[in-house]
Amino acid sequence: MVKEITRDIKQLDHAKRHLTTSITTLNHLHMLAGGVDSLEAMTRRRQYGEVANLLQGVMNVLEHFHKYMGIPQIRQLSERVKAAQTELGQQILADFEEAFPSQGTKRPGGPSNVLRDACLVANILDPRIKQDIIKKFIKQHLSEYLVLFQENQDVAWLDKIDRRYAWIKRQLVDYEEKFGRMFPREWYMTERIAVEFCHITRTELAKIMRTRAKEIEVKLLLFAIQRTTNFEGFLAKRFSGCTLTDGTLKKLESPLLSTNPFLEDEPTPEMEELAMEKGDLDQRKKPKAPDNPFHGIVSKCFEPHLYVYIESQDKNLGELIDRFVADFKAQGPPKPNTDEGGAVLPSCADLFVYYKKCMVQCSQLSTGEPMIALTTIFQKYLREYAWKILSGNLPKTTSSSGGLTISSLLKEKEGSEAAKFTVEELCLICSILSTAEYCLATTQQLEEKLKEKVDVSLTERINLTGEMDTFSTVISSSIQLLVQDLDAACDPALTAMSKMQWQNVEHVGDQSPYVTSVILHIKQNVPIIRDNLASTRKYFTQFCIKFANSFIPKFITHLFKCKPISMVGAEQLLLDTHSLKMVLLDLPSIGSQVVRKAPASYTKIVVKGMTRAEMILKVVMAPHEPSVVFVDNYIKLLTDCNTETFQKILDMKGLKRSEQSSMLELFRQRLPTPPSGPESSSSLSLLTPTPEQESSRIRKLEKLIKKRL
């Protein structure tokens with residue numbers, strides 16, 4: 001029923017829609033036919049201003065007839081529009097050729113309104129028309145440049161490169177005044193002229209440098225590069241770089257892509273020097289705009305000739321290292337420093353400041369193979385600096401020194417004892433250590449910076465690990481020298497201890513002369529080393545740990561040489577051992593007004609080592625009868641299943657060989673047999689005293705000493 005009622009209404013709706021479409025199409029057809037006629041007439045009269053508006057309208061109307069192209073009349077109109085566009089393009093190109101001939105007549109004095117309107121038409125036509133206009137105009141505009149700066153002209157060489165850039169600047173100003181309004185703003189004609197000038201200049205410079213390669217000197221090359229990069233910077237300030245073709249952009253920007261997760265401003269030379277003096281090559285800076293899109297557009301031509309620059313830097317760095325060596329010999333070692341820690345040699349800051357300048361300069365020239373070549377030069381002279389300036393100036397351990405005699409130790413003649421190294425030599429070692437640490441940290445930052453500057457594909461070839469290892473070796477050698485010096489100074493005292501007649505000691509007194517001698521050497525050396533390593537606390541801690549690891553085993557070795565020992569002698573040695581232990585625990589802050597808690601790692605070594613020495617003496621003091629009790633007591637206190645150590649204990653007690661044989665046999669019988677399998681490790685761990693047990697034994701030992709005193 002509804003369909004029946006609405007049938008007539010629906011029919012009327014369809015009729016209305018079709019009628020409307022027909023009327024609209026007929027109107028468009030009328031407009032198209034009239035527009036094509038007008039377009040052809042205006043084209044002949046060169047009325048480009050009217051053509052620009054009309055052509056766009058005709059093309060818009062023609063879009064409505066795409067589905068009617070099967071109708072011959074419509075197809076004919078479409079072909080007339082295409083023919084009019086082709087004629088317009090040819091006519092406009094001819095007009096520009098007439099106005100700006102490639103050769104012969106001069107350019108007109110000012111812009112033409114006809115040509116200005118023609119550019120508006122070219123915007124609507126095939127893009128190739130616009131490209132041809134731009135190409136021919138720029139070629140004609142720069143034709144004078146090719147003549148003035150021919151390869152055989154004197155002004156074409158690098159020493160007069162400024163004249164090239166001055167010429168184009170004048171031309172750009174001239175263009176703006178005469179032709180700035182003729183071309184549409186969106187054509188960016190000024191920038192296009194500058195870009196084409198850069199391409200021509202790069203080609204011409206590359207050609208002339210290949211021809212006269214032997215005449216290129218480093219100063220001349222750097223002068224040309226500096227002027228060129230300044231000009232590229234001028235272009236970046238003036239233009240956006242939007243006219244650079246995809247290929248050019250890709251080619252120029254690829255080296256600028258870095259692994260650096262942040263954008264940073266290029267530091268000025270003053271900022272670089274300040275950063276280098278502080279050992280900071282990795283200062284974070286505020287984000288900035290993207291890099292110069294014109295970077296390398298001309299200066300790329302210098303890259304094949306950068307070997308001249310690299311060779312020059314090789315020579316300069318060699319002379320710099322030689323000057324450092326001469327200055328060190330002339331000025332002597334640095335003065336003792338007790339306020340701010342060991343002085344870092346000023347030469348290392350000078351070296352890295354120079355490195356930074358070279359790196360920044362080279363990265364502006366190229367981020368490819370020249371940067372790898374420069375890195376190789378850096379590596380070479382980092383090693384030379386480590387060998388000639390640092391390792392080469394470390395004091396030699398073969399220098400003679402006034403040794404200590406046993407008689408002088410026993411007489412406690414203070415002042416007659418001298419360390420192998422003088423105060424100046426100790427300060428020099430500390431200074432070299434601090435310098436090596438500075439170089440190590442700064443070399444690591446240098447490697448990171450080089451990787452940021454170089455092409456991403458070349459980052460794996462930047463590796464300064466070997467040079468960092470060299471500086472680490474210098475640090476280890478310096479610490480070892482300091483340890484050996486203090487260790488050697490204590491040797492005569494330990495020798496005197498082992499040669500004393502401990503069986504003849506009748507009473508326990510104050511600490512023995514050899515202990516006083518050791519303490520004296522520690523008080524002489526350690527404060528000097530600590531003050532001169534104040535800026536590198538971790539290496540002072542390493543020194544303390546290495547000295548403890550060297551001195552304590554040596555002390556125990558000499559302790560075993562003290563034989564035979566009486567009960568009173570063992571008590572005196574126990575007192576001496578405790579005194580040395582207290583001094584060693586206080587060693588990191590000895591002689592300092594500011595008392596710091598010793599590092600836990602160091603304290604653990606001292607407590608473990610000296611407690612063993614105390615346990616050895618405690619075993620020696622114990623009666624050897626009954627034998628079973630003595631052996632069990634030894635195993636309990638020392639937890640040492642070594643027969644050789646037990647033999648030394650028996651020698652210290654002065655037992656006869658026959659007694660020792662029975663003791664050794666009993667010792668072997670009383671040794672706990674470790675069970676096989678996983679239980680062995682747990683059973684062996686039971687033999688090792690816990691920290692609580694060790695602490696309890698130490699307290700008992702201290703009480704024993706207090707009673708004796």
# chains A, B, ... in the order shown; residues from 1 in each chain; ligands from 1
call {"tool": "residues_around", "arguments": {"residues": "range 343-346 of chain A", "least_positions_apart": "5", "cutoff": "6 Å", "atoms": "only C-alpha atoms", "output": "number ranges by chain"}}
result
A: 431, 434-435
call {"tool": "atom_distance", "arguments": {"atom1": "CA of Gln85 in chain A", "atom2": "CA of Ile193 in chain A"}}
result
27.5 Å
call {"tool": "atom_distance", "arguments": {"atom1": "CA of Gly509 in chain A", "atom2": "CA of Lys618 in chain A"}}
result
17.9 Å
call {"tool": "atom_distance", "arguments": {"atom1": "CA of Ser299 in chain A", "atom2": "CA of Glu448 in chain A"}}
result
25.2 Å
